[in-house]
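Worksheet: one structure, shown below.
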Amino acid sequence: MQRHADVTEFVELTPAAEVSTARHGWRAKCLQRLIRLDLPVPRTVALPVETVRAIAAGQMPDTQAIAAVFGPGLLVSVRSSPENPEWGGPGTVLNVGMNDAMHARLTQTHGAEAADALYLRFVQSYATHVARLDPDMFTARPGPHALAAALAAYQAETDEAFPQSPARQLAEVLRSMARAWEGTTARLLRQAKGAPSEATLGLLVQDMALAIGPGLSGSGTMQFVDSVTGSPQIIGRFRGQSQGRNAAVATLYLTRDARGISLEETAPEVFAELTRYGAACRVKLREEMQLEFAVSDGRVSVIDAVRVQRSSRAAVKIAVALASDGVITREEALLRVEPRALSELLHYQVDPRAPRDRFARGIAASPGAATGRIVFTSAAAQASAARDEPCILVRRETAPEDIRGMHAAVAVLTERGGMTSHAAVIARGLGLPCIVGCSEIQLNPRERTLRGPDGRIFREGEVITVDGTNGEVLAGQAAMLEPALDEGFRTLLRWADNVRDIGIRANADTPDDARTARMFEAEGIGLCRTEHMFFDEDRLTVMREMIFADTANDRRIALERLLPMQRDDFTALFDIMAGLPVTIRLFDPPLHEFLPHDREGMRELAEALDRPLSDVTRRVEALSEFNPMLGMRGVRLGITVPEIYEMQAQAIFEATVEASRRGAPVVPEIMIPLVSAQREVELVKTRIDAVAAAVRTQTKTDFTYRLGVMVETPRAALRAGQIAEHAAFLSFGTNDLTQMTYGLSRDDAGRFMGSYVKQKVYLEDPFHILDVEGVGELLLIGAQRGRAARPDVTISVCGEHGGNPESIAFCRAAGFDYVSCSPFRVPVARLAAAHFALLAPKPARDA
Ligand code: PEP
Ligand code: MG
């Protein structure tokens, strides 16, 4: 180990050297680990962050001392080493030390062509990155005169010959990289990726592995899993007689397959050696790594190793595989997957069995499939989204200003770009299906057309399907498969279930929703909004007859027709949920939502009911309210028109008997919405108990049920103690509770929400992110008072906030029993709850 206390303090990477990620950056630490594993890493020196900062501030590094480590004939690369690999950093500069003398020497040992190419490459990068000359003057491809021309151009532009001192070259390269890190653009870019403003950079100086010359020579990358699927597979490339990641030289595939000659065949010992290193890295670094390597005359060097880039699907698979192999613990596997990323795995796929009308193929950049109308601009995508029409954004390539358009689209297709292009990266982040580099298509943005390789022309507005999983663009709409949740996904979530300490249910109104909830392994239904069951055409008419009935008896007659339909609804839900709890909320919305609002609709209704039009208009007017959300809805309707709740209760109990006969015993949970007073609960409970008794007698079957209350008004939260006397469970409807706590209309707040959030009146839209300070305090008060009165009362949240990780953290800390959210958010909620359980010990419940 060598240490210098001046501005040029540095340390040579050896197994015992004092190297830390904080001082030397992640790459330095990673290379030291590779060295400890006995991998053939070229000699490397690390400059700590203080040194780099001093260099950026203008102090010239003493590169003689560094050069001395490498001995005479210095030829090195300089790499950046920030604390976190995500933060970027200036690009690697290769072949520092190339000068006329080295060129002459290499001409002798490696031949003129190789020597020319290496020198030219260094002059090019030095001229552009260090001397900041116009890159266009130095872009010539290697050729007999290119080197001389580049050296002459350098001299003409700078009025001095190309620097020949390796020590000076190294000093200048270090300085330019240190300064590049401090630049405003670099700073903004890394801060966007979460780097702190004071993020620092370490630099590495590494002996060049030439990768050019006699014998097997070249460079490449190798990884051992597929970045998209996470399945074990050797992937990478090897380019003979070339250096670095971007060399434009013909590629040799790594493994033996139908594509052509492979490294595995040409150099089996090199291939085997690399495979061994990969396996060692996986176990010792406890991660799937991509190796960057060089081969010089058959000798392998490992230059660098980075964590394999991965899709969310691959992240799950890799984490589960590492834990299953005992490389990491299950807890660590759970923490390695970002909960929100799981939603990306839940995408639709094109049904492989269905016919596919493929008209072009590109790079599969982001998984999942979607069908929509073609749009060619982000503005058109936004307009389409505003009309609720799914659209596919087709661009030559995307730029940051296309973000809004990408948000508005259901999929993205670009003519240019690769796996790491803007479109690909952003689409993966958004979980949008995306194909890039689809060079087979010809875009004509002016005429708003897109031409396939077979000459077919598609215009803006025509429907296509993007299959981001395999890169195929299909004409028209394709048959889709539900998201396929593989074994890794299920395993990870099962591990999550073992550690989480808050329940996760789903909000499900229909049998389809319930099946999705089961597929995502929700622990029950936390909210079934029964009113959604009445909007079917045949039911709507009966509903309207009920609303128009003049007497309680007429109302009962209409409701009797709804009864079997409701019973079937509930039986189906109970059957699907197979004994898991199902919470059914009694009818909630104001009745006028079921009536027509225009003259035409009213006339049709008058005809259907065989009543005069004036009757219909009068009734519609009578039911209209100034503030329907604060009006005759929820339990208020249940008390004034009790027949509706009675019919629903009867349907629930009859379904309970039927489903229990067939399968697991059902204990239905009936929930009363919009309660604000204890007496409301008492009145409804008395009636429902009577219905239960009647059904028991009639069916000669015993059953139990649980009655609960939705806490959606501030008063219900404050009076939760009294309310809980009659309620086995309290479920916070945070949508209405937010609306009523703020006095803010759920339906209209969008008009000024943007402006409010922008001016920081509200930090977030409280309908999206639970307002823990205000609404949250009501939740705490309600839960505490409810529990004080009835220690065994079940407490939950079933508003939209239930699927939000931050809200889950809040509910868990408050000791809630479960959260309930839309079925597609259940996997995210399960994993997020596991993260919180692992990261924060559960507080004791206050009873
Ligand atoms: C709520 O108010 O939070 C709730 C779940 O009910 P809805 O959204 O149906 O009003
Ligand atoms: Mg509500």
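Letters A, B, ... mark the chains of the structure tokens in the order given; residue numbers begin at 1 per chain; ligand numbers begin at 1, in order shown.
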Identify all residues of range 424-457 of chain A in helix (DSSP H, G or I) (DSSP on the backbone) and supply them as a ChimeraX atom specification.
-> /A:424-430
Those selected residues, please, written with N, CA and C atoms and delivered as a JSON list (two decimals), in the first residue's frame.
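Output (out.json):
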```json
[["chain", "number", "residue", "atom", "x", "y", "z"],
["A", 424, "ALA", "N", -36.64, 4.03, -24.04],
["A", 424, "ALA", "CA", -36.57, 2.74, -23.36],
["A", 424, "ALA", "C", -36.49, 2.91, -21.85],
["A", 425, "VAL", "N", -35.63, 3.82, -21.42],
["A", 425, "VAL", "CA", -35.41, 4.01, -19.98],
["A", 425, "VAL", "C", -36.68, 4.55, -19.33],
["A", 426, "ILE", "N", -37.25, 5.56, -19.97],
["A", 426, "ILE", "CA", -38.45, 6.18, -19.37],
["A", 426, "ILE", "C", -39.62, 5.20, -19.37],
["A", 427, "ALA", "N", -39.78, 4.49, -20.48],
["A", 427, "ALA", "CA", -40.92, 3.55, -20.56],
["A", 427, "ALA", "C", -40.79, 2.47, -19.49],
["A", 428, "ARG", "N", -39.59, 1.99, -19.29],
["A", 428, "ARG", "CA", -39.42, 0.96, -18.25],
["A", 428, "ARG", "C", -39.77, 1.54, -16.88],
["A", 429, "GLY", "N", -39.35, 2.80, -16.68],
["A", 429, "GLY", "CA", -39.66, 3.45, -15.41],
["A", 429, "GLY", "C", -41.16, 3.58, -15.21],
["A", 430, "LEU", "N", -41.86, 3.89, -16.29],
["A", 430, "LEU", "CA", -43.32, 4.08, -16.18],
["A", 430, "LEU", "C", -44.07, 2.76, -16.26]]
```
Near-ligand residues for ligand 2, threshold 12 Å, only C-alpha atoms and all ligand atoms, as JSON, numbers by chain | {"A": [527, 528, 529, 531, 585, 586, 587, 588, 589, 590, 629, 630, 633, 634, 635, 671, 672, 673, 674, 675, 709, 710, 711, 712, 713, 731, 732, 733, 734, 735, 736, 737, 738, 739, 740, 746, 797, 798, 799, 800]}
Excluding Val826 in chain A and any residue of its chain fewer than 3 positions from it, enumerate the residues within 9 Å of it, using only C-alpha atoms, and give them as a PyMOL selection string.
-> chain A and resi 504-506+517+520-522+803+820-823+829-831
Do a neighbour search on range 808-818 of chain A at 10 Å with only C-alpha atoms, toss out local chain neighbours closer than 6 positions, and write the hits as a PyMOL selection string.
-> chain A and resi 500-505+523+526+729+731+770+772+776+779-780+783-784+793-798+801-802+829-830+832-833+835-837+840-847
Export of prior selection with N, CA, C and O atoms as a short mmCIF file (atom, residue, chain, number, x, y, z; two decimals), in the first residue's frame:
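In the end it all went to out29.cif:
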```cif
data_model
loop_
_atom_site.label_atom_id
_atom_site.label_comp_id
_atom_site.auth_asym_id
_atom_site.auth_seq_id
_atom_site.Cartn_x
_atom_site.Cartn_y
_atom_site.Cartn_z
N ARG A 500 -44.63 -9.68 7.00
CA ARG A 500 -45.44 -8.48 7.22
C ARG A 500 -46.39 -8.67 8.38
O ARG A 500 -46.77 -9.80 8.70
N ASP A 501 -46.75 -7.55 9.01
CA ASP A 501 -47.60 -7.65 10.19
C ASP A 501 -48.84 -6.75 10.06
O ASP A 501 -49.38 -6.29 11.05
N ILE A 502 -49.26 -6.50 8.83
CA ILE A 502 -50.53 -5.83 8.62
C ILE A 502 -51.22 -6.57 7.46
O ILE A 502 -50.55 -7.01 6.53
N GLY A 503 -52.52 -6.74 7.57
CA GLY A 503 -53.26 -7.49 6.54
C GLY A 503 -53.45 -6.67 5.27
O GLY A 503 -53.44 -5.44 5.30
N ILE A 504 -53.58 -7.37 4.14
CA ILE A 504 -53.83 -6.70 2.87
C ILE A 504 -55.06 -7.33 2.22
O ILE A 504 -55.04 -8.52 1.88
N ARG A 505 -56.09 -6.54 2.07
CA ARG A 505 -57.27 -7.02 1.34
C ARG A 505 -57.44 -6.21 0.07
O ARG A 505 -56.72 -5.25 -0.16
N GLU A 523 -56.00 -11.05 1.12
CA GLU A 523 -56.52 -11.87 2.22
C GLU A 523 -58.02 -11.73 2.42
O GLU A 523 -58.54 -12.09 3.47
N GLY A 526 -61.96 -6.17 1.21
CA GLY A 526 -62.15 -5.18 2.27
C GLY A 526 -63.26 -4.20 1.95
O GLY A 526 -63.73 -3.48 2.83
N PHE A 729 -66.32 -3.96 13.39
CA PHE A 729 -65.15 -3.40 12.71
C PHE A 729 -65.42 -1.97 12.27
O PHE A 729 -66.57 -1.58 12.06
N SER A 731 -63.97 0.70 9.38
CA SER A 731 -63.10 0.81 8.21
C SER A 731 -63.12 2.26 7.75
O SER A 731 -64.17 2.81 7.43
N LEU A 770 -52.23 10.21 1.64
CA LEU A 770 -52.96 10.48 2.88
C LEU A 770 -52.37 11.68 3.62
O LEU A 770 -51.16 11.76 3.81
N VAL A 772 -51.40 12.90 6.58
CA VAL A 772 -51.22 12.28 7.89
C VAL A 772 -51.44 13.28 9.02
O VAL A 772 -51.84 12.90 10.12
N GLY A 776 -55.03 12.06 9.01
CA GLY A 776 -54.32 11.03 9.79
C GLY A 776 -54.64 11.14 11.27
O GLY A 776 -54.81 10.14 11.96
N LEU A 779 -57.83 9.56 11.93
CA LEU A 779 -57.67 8.10 11.93
C LEU A 779 -57.17 7.61 13.29
O LEU A 779 -57.67 6.63 13.84
N LEU A 780 -56.17 8.33 13.81
CA LEU A 780 -55.60 7.91 15.10
C LEU A 780 -56.63 8.05 16.22
O LEU A 780 -56.78 7.15 17.05
N ALA A 783 -59.33 5.32 15.76
CA ALA A 783 -58.84 3.98 16.11
C ALA A 783 -58.69 3.85 17.62
O ALA A 783 -59.10 2.86 18.23
N GLN A 784 -58.14 4.89 18.23
CA GLN A 784 -57.89 4.84 19.68
C GLN A 784 -59.22 4.78 20.45
O GLN A 784 -59.39 3.95 21.34
N VAL A 793 -62.18 -4.67 18.38
CA VAL A 793 -62.69 -4.11 17.12
C VAL A 793 -61.61 -4.15 16.04
O VAL A 793 -60.43 -3.92 16.31
N THR A 794 -62.00 -4.53 14.83
CA THR A 794 -61.04 -4.60 13.72
C THR A 794 -60.97 -3.21 13.07
O THR A 794 -62.00 -2.62 12.78
N ILE A 795 -59.75 -2.74 12.85
CA ILE A 795 -59.58 -1.39 12.29
C ILE A 795 -58.87 -1.48 10.95
O ILE A 795 -57.86 -2.18 10.82
N SER A 796 -59.39 -0.76 9.96
CA SER A 796 -58.76 -0.82 8.63
C SER A 796 -58.98 0.48 7.85
O SER A 796 -59.71 1.36 8.30
N VAL A 797 -58.34 0.54 6.69
CA VAL A 797 -58.56 1.63 5.74
C VAL A 797 -58.99 1.00 4.43
O VAL A 797 -58.40 0.00 3.99
N CYS A 798 -60.03 1.55 3.79
CA CYS A 798 -60.43 1.00 2.49
C CYS A 798 -60.54 2.09 1.42
O CYS A 798 -61.01 1.82 0.33
N HIS A 801 -56.25 5.39 -0.55
CA HIS A 801 -54.93 5.49 0.08
C HIS A 801 -54.39 4.13 0.53
O HIS A 801 -53.19 3.98 0.74
N GLY A 802 -55.29 3.15 0.65
CA GLY A 802 -54.89 1.85 1.19
C GLY A 802 -53.77 1.17 0.44
O GLY A 802 -53.06 0.33 1.00
N ALA A 829 -48.61 -3.55 -2.20
CA ALA A 829 -48.93 -3.37 -0.79
C ALA A 829 -48.31 -4.50 0.05
O ALA A 829 -47.77 -4.25 1.14
N ARG A 830 -48.37 -5.73 -0.46
CA ARG A 830 -47.81 -6.86 0.31
C ARG A 830 -46.31 -6.67 0.52
O ARG A 830 -45.79 -6.88 1.63
N ALA A 832 -44.55 -3.81 0.20
CA ALA A 832 -44.26 -2.60 0.97
C ALA A 832 -44.45 -2.89 2.46
O ALA A 832 -43.63 -2.49 3.29
N ALA A 833 -45.52 -3.61 2.80
CA ALA A 833 -45.78 -3.92 4.21
C ALA A 833 -44.63 -4.76 4.78
O ALA A 833 -44.21 -4.56 5.93
N HIS A 835 -41.50 -4.65 3.74
CA HIS A 835 -40.36 -3.74 3.94
C HIS A 835 -40.48 -3.01 5.28
O HIS A 835 -39.52 -2.92 6.03
N PHE A 836 -41.69 -2.50 5.54
CA PHE A 836 -41.85 -1.73 6.79
C PHE A 836 -41.62 -2.64 8.00
O PHE A 836 -41.01 -2.22 8.98
N ALA A 837 -42.11 -3.87 7.92
CA ALA A 837 -41.94 -4.78 9.05
C ALA A 837 -40.46 -5.09 9.27
O ALA A 837 -40.02 -5.24 10.41
N ALA A 840 -38.70 -1.40 10.42
CA ALA A 840 -39.10 -0.74 11.67
C ALA A 840 -39.83 -1.73 12.55
O ALA A 840 -40.78 -2.34 12.10
N PRO A 841 -39.39 -1.89 13.78
CA PRO A 841 -40.08 -2.84 14.66
C PRO A 841 -41.50 -2.37 14.95
O PRO A 841 -41.77 -1.18 15.02
N LYS A 842 -42.39 -3.31 15.07
CA LYS A 842 -43.81 -2.98 15.30
C LYS A 842 -44.01 -2.35 16.68
O LYS A 842 -43.59 -2.92 17.67
N PRO A 843 -44.65 -1.17 16.72
CA PRO A 843 -44.89 -0.58 18.02
C PRO A 843 -46.00 -1.33 18.76
O PRO A 843 -46.84 -1.97 18.12
N ALA A 844 -45.99 -1.22 20.06
CA ALA A 844 -47.04 -1.89 20.84
C ALA A 844 -48.37 -1.19 20.58
O ALA A 844 -48.43 0.02 20.38
N ARG A 845 -49.43 -1.96 20.51
CA ARG A 845 -50.77 -1.40 20.30
C ARG A 845 -51.23 -0.68 21.55
O ARG A 845 -51.06 -1.20 22.64
N ASP A 846 -51.81 0.51 21.39
CA ASP A 846 -52.42 1.09 22.59
C ASP A 846 -53.87 0.67 22.64
O ASP A 846 -54.65 0.95 21.74
N ALA A 847 -54.18 -0.06 23.66
CA ALA A 847 -55.53 -0.61 23.77
C ALA A 847 -56.43 0.34 24.53
O ALA A 847 -55.96 1.21 25.22
#
```
One residue among A:Thr92, A:Ser231, A:Gln698, A:Gln108 is nearest to Tyr126 in chain A when using only C-alpha atoms, and that residue is A:Thr92
Which distance in Å separates CA of Arg696 in chain A and CA of Gly524 in chain A, to one decimal?
-> 24.7 Å
Range 618-752 of chain A: residues DSSP assigns to strand (DSSP E), reported as an MDAnalysis selection string | chainID A and resid 669:672 706:711 729:732
Using only C-alpha atoms, which residues sit within 7 Å of range 160-171 of chain A once same-chain residues fewer than 6 positions away are excluded, as JSON, numbers by chain?
-> {"A": [60, 61, 63, 64, 67, 74, 96, 97, 99, 151, 154]}
Do you have the CA of Ala178 in chain A-CA of Ala117 in chain A distance handy?
->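 Pair CA of Ala178 in chain A / CA of Ala117 in chain A returns 26.7 Å.
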Who sits within 9 Å of Gln290 in chain A, only C-alpha atoms, same chain under 3 positions skipped, as a list in words = Thr221, Met222, Gln223, Phe224, Gly236, Gly278, Asp304, Ala305, Val306, Arg307, Val308 and Gln309 of chain A
Residues just named, written with N, CA and C atoms as a PDB file, in the first residue's frame:
```pdb
ATOM      1  N   THR A 221     -17.911  -7.939 -22.591  1.00  0.00           N
ATOM      2  CA  THR A 221     -18.649  -7.966 -21.332  1.00  0.00           C
ATOM      3  C   THR A 221     -19.340  -9.321 -21.235  1.00  0.00           C
ATOM      4  N   MET A 222     -19.599  -9.733 -20.029  1.00  0.00           N
ATOM      5  CA  MET A 222     -20.228 -11.034 -19.830  1.00  0.00           C
ATOM      6  C   MET A 222     -21.080 -10.973 -18.574  1.00  0.00           C
ATOM      7  N   GLN A 223     -22.319 -11.450 -18.692  1.00  0.00           N
ATOM      8  CA  GLN A 223     -23.157 -11.570 -17.507  1.00  0.00           C
ATOM      9  C   GLN A 223     -23.849 -12.917 -17.547  1.00  0.00           C
ATOM     10  N   PHE A 224     -24.427 -13.272 -16.431  1.00  0.00           N
ATOM     11  CA  PHE A 224     -24.856 -14.670 -16.292  1.00  0.00           C
ATOM     12  C   PHE A 224     -26.358 -14.825 -16.109  1.00  0.00           C
ATOM     13  N   GLY A 236     -23.549 -11.548 -23.495  1.00  0.00           N
ATOM     14  CA  GLY A 236     -22.496 -10.556 -23.615  1.00  0.00           C
ATOM     15  C   GLY A 236     -21.925 -10.595 -25.008  1.00  0.00           C
ATOM     16  N   GLY A 278     -17.316 -15.282 -12.931  1.00  0.00           N
ATOM     17  CA  GLY A 278     -18.707 -14.844 -12.764  1.00  0.00           C
ATOM     18  C   GLY A 278     -19.341 -15.530 -11.568  1.00  0.00           C
ATOM     19  N   ASP A 304     -13.404  -4.453 -14.836  1.00  0.00           N
ATOM     20  CA  ASP A 304     -14.462  -3.800 -14.069  1.00  0.00           C
ATOM     21  C   ASP A 304     -15.585  -4.809 -13.872  1.00  0.00           C
ATOM     22  N   ALA A 305     -16.411  -4.554 -12.880  1.00  0.00           N
ATOM     23  CA  ALA A 305     -17.607  -5.377 -12.711  1.00  0.00           C
ATOM     24  C   ALA A 305     -18.707  -4.457 -12.220  1.00  0.00           C
ATOM     25  N   VAL A 306     -19.857  -4.532 -12.852  1.00  0.00           N
ATOM     26  CA  VAL A 306     -20.978  -3.699 -12.415  1.00  0.00           C
ATOM     27  C   VAL A 306     -22.183  -4.596 -12.167  1.00  0.00           C
ATOM     28  N   ARG A 307     -23.054  -4.107 -11.324  1.00  0.00           N
ATOM     29  CA  ARG A 307     -24.291  -4.829 -11.031  1.00  0.00           C
ATOM     30  C   ARG A 307     -25.071  -4.935 -12.339  1.00  0.00           C
ATOM     31  N   VAL A 308     -25.572  -6.123 -12.640  1.00  0.00           N
ATOM     32  CA  VAL A 308     -26.302  -6.318 -13.896  1.00  0.00           C
ATOM     33  C   VAL A 308     -27.530  -5.407 -13.924  1.00  0.00           C
ATOM     34  N   GLN A 309     -27.689  -4.681 -15.018  1.00  0.00           N
ATOM     35  CA  GLN A 309     -28.902  -3.872 -15.234  1.00  0.00           C
ATOM     36  C   GLN A 309     -30.076  -4.829 -15.293  1.00  0.00           C
TER      37      GLN A 309
END
```
Near Leu718 in chain A, within 8 Å and counting only C-alpha atoms, which residues show up once chain neighbours fewer than 5 positions away are dropped, as an NGL selection string?
-> :A and (778 or 781-782 or 785)
I need the residues from that last selection saved to file as a short mmCIF file (atom, residue, chain, number, x, y, z; two decimals), in the first residue's frame (with N, CA, C and O atoms), if you can.
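Final file, again_22.cif:
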```
data_model
loop_
_atom_site.label_atom_id
_atom_site.label_comp_id
_atom_site.auth_asym_id
_atom_site.auth_seq_id
_atom_site.Cartn_x
_atom_site.Cartn_y
_atom_site.Cartn_z
N LEU A 778 -57.39 12.20 12.56
CA LEU A 778 -58.73 11.65 12.77
C LEU A 778 -58.68 10.12 12.77
O LEU A 778 -59.41 9.47 13.53
N ILE A 781 -57.35 9.16 16.20
CA ILE A 781 -58.37 9.39 17.23
C ILE A 781 -59.45 8.30 17.14
O ILE A 781 -59.83 7.68 18.13
N GLY A 782 -59.92 8.07 15.90
CA GLY A 782 -60.99 7.09 15.71
C GLY A 782 -60.55 5.70 16.16
O GLY A 782 -61.27 5.00 16.88
N ARG A 785 -60.18 5.62 20.06
CA ARG A 785 -61.46 5.63 20.79
C ARG A 785 -62.25 4.36 20.54
O ARG A 785 -62.90 3.83 21.44
#
```
From the set A:Arg282, A:Arg561, A:Arg330, A:Arg356, which residue has the shortest atom-to-atom contact distance to Trp495 in chain A, counting only C-alpha atoms?
-> A:Arg330
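The gap separating CA of Ile435 in chain A from CA of Thr414 in chain A is 6.4 Å, in Å to one decimal.
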Which is closest to Arg190 in chain A among A:Pro82, A:Gly468, A:Gly215, A:Gly220, if we use only C-alpha atoms?
->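 Closest to Arg190 in chain A, using only C-alpha atoms: A:Pro82.
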Given the choices A:Glu50, A:Trp26, A:Ile584, A:Asp792, which gets closest to ligand 1 if the distance is worked out from only C-alpha atoms and all ligand atoms?
->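 Ranked by minimum distance to ligand 1, first place goes to A:Ile584.
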Using only C-alpha atoms and all ligand atoms, the residue out of A:Ile547, A:Ile55, A:Val819, A:Val828 with shortest distance to ligand 1 is A:Val819
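In this comparison, which uses only C-alpha atoms, the residue of A:Pro612, A:Pro642, A:Gly91, A:Pro714 approaching Leu559 in chain A most closely is A:Pro642.
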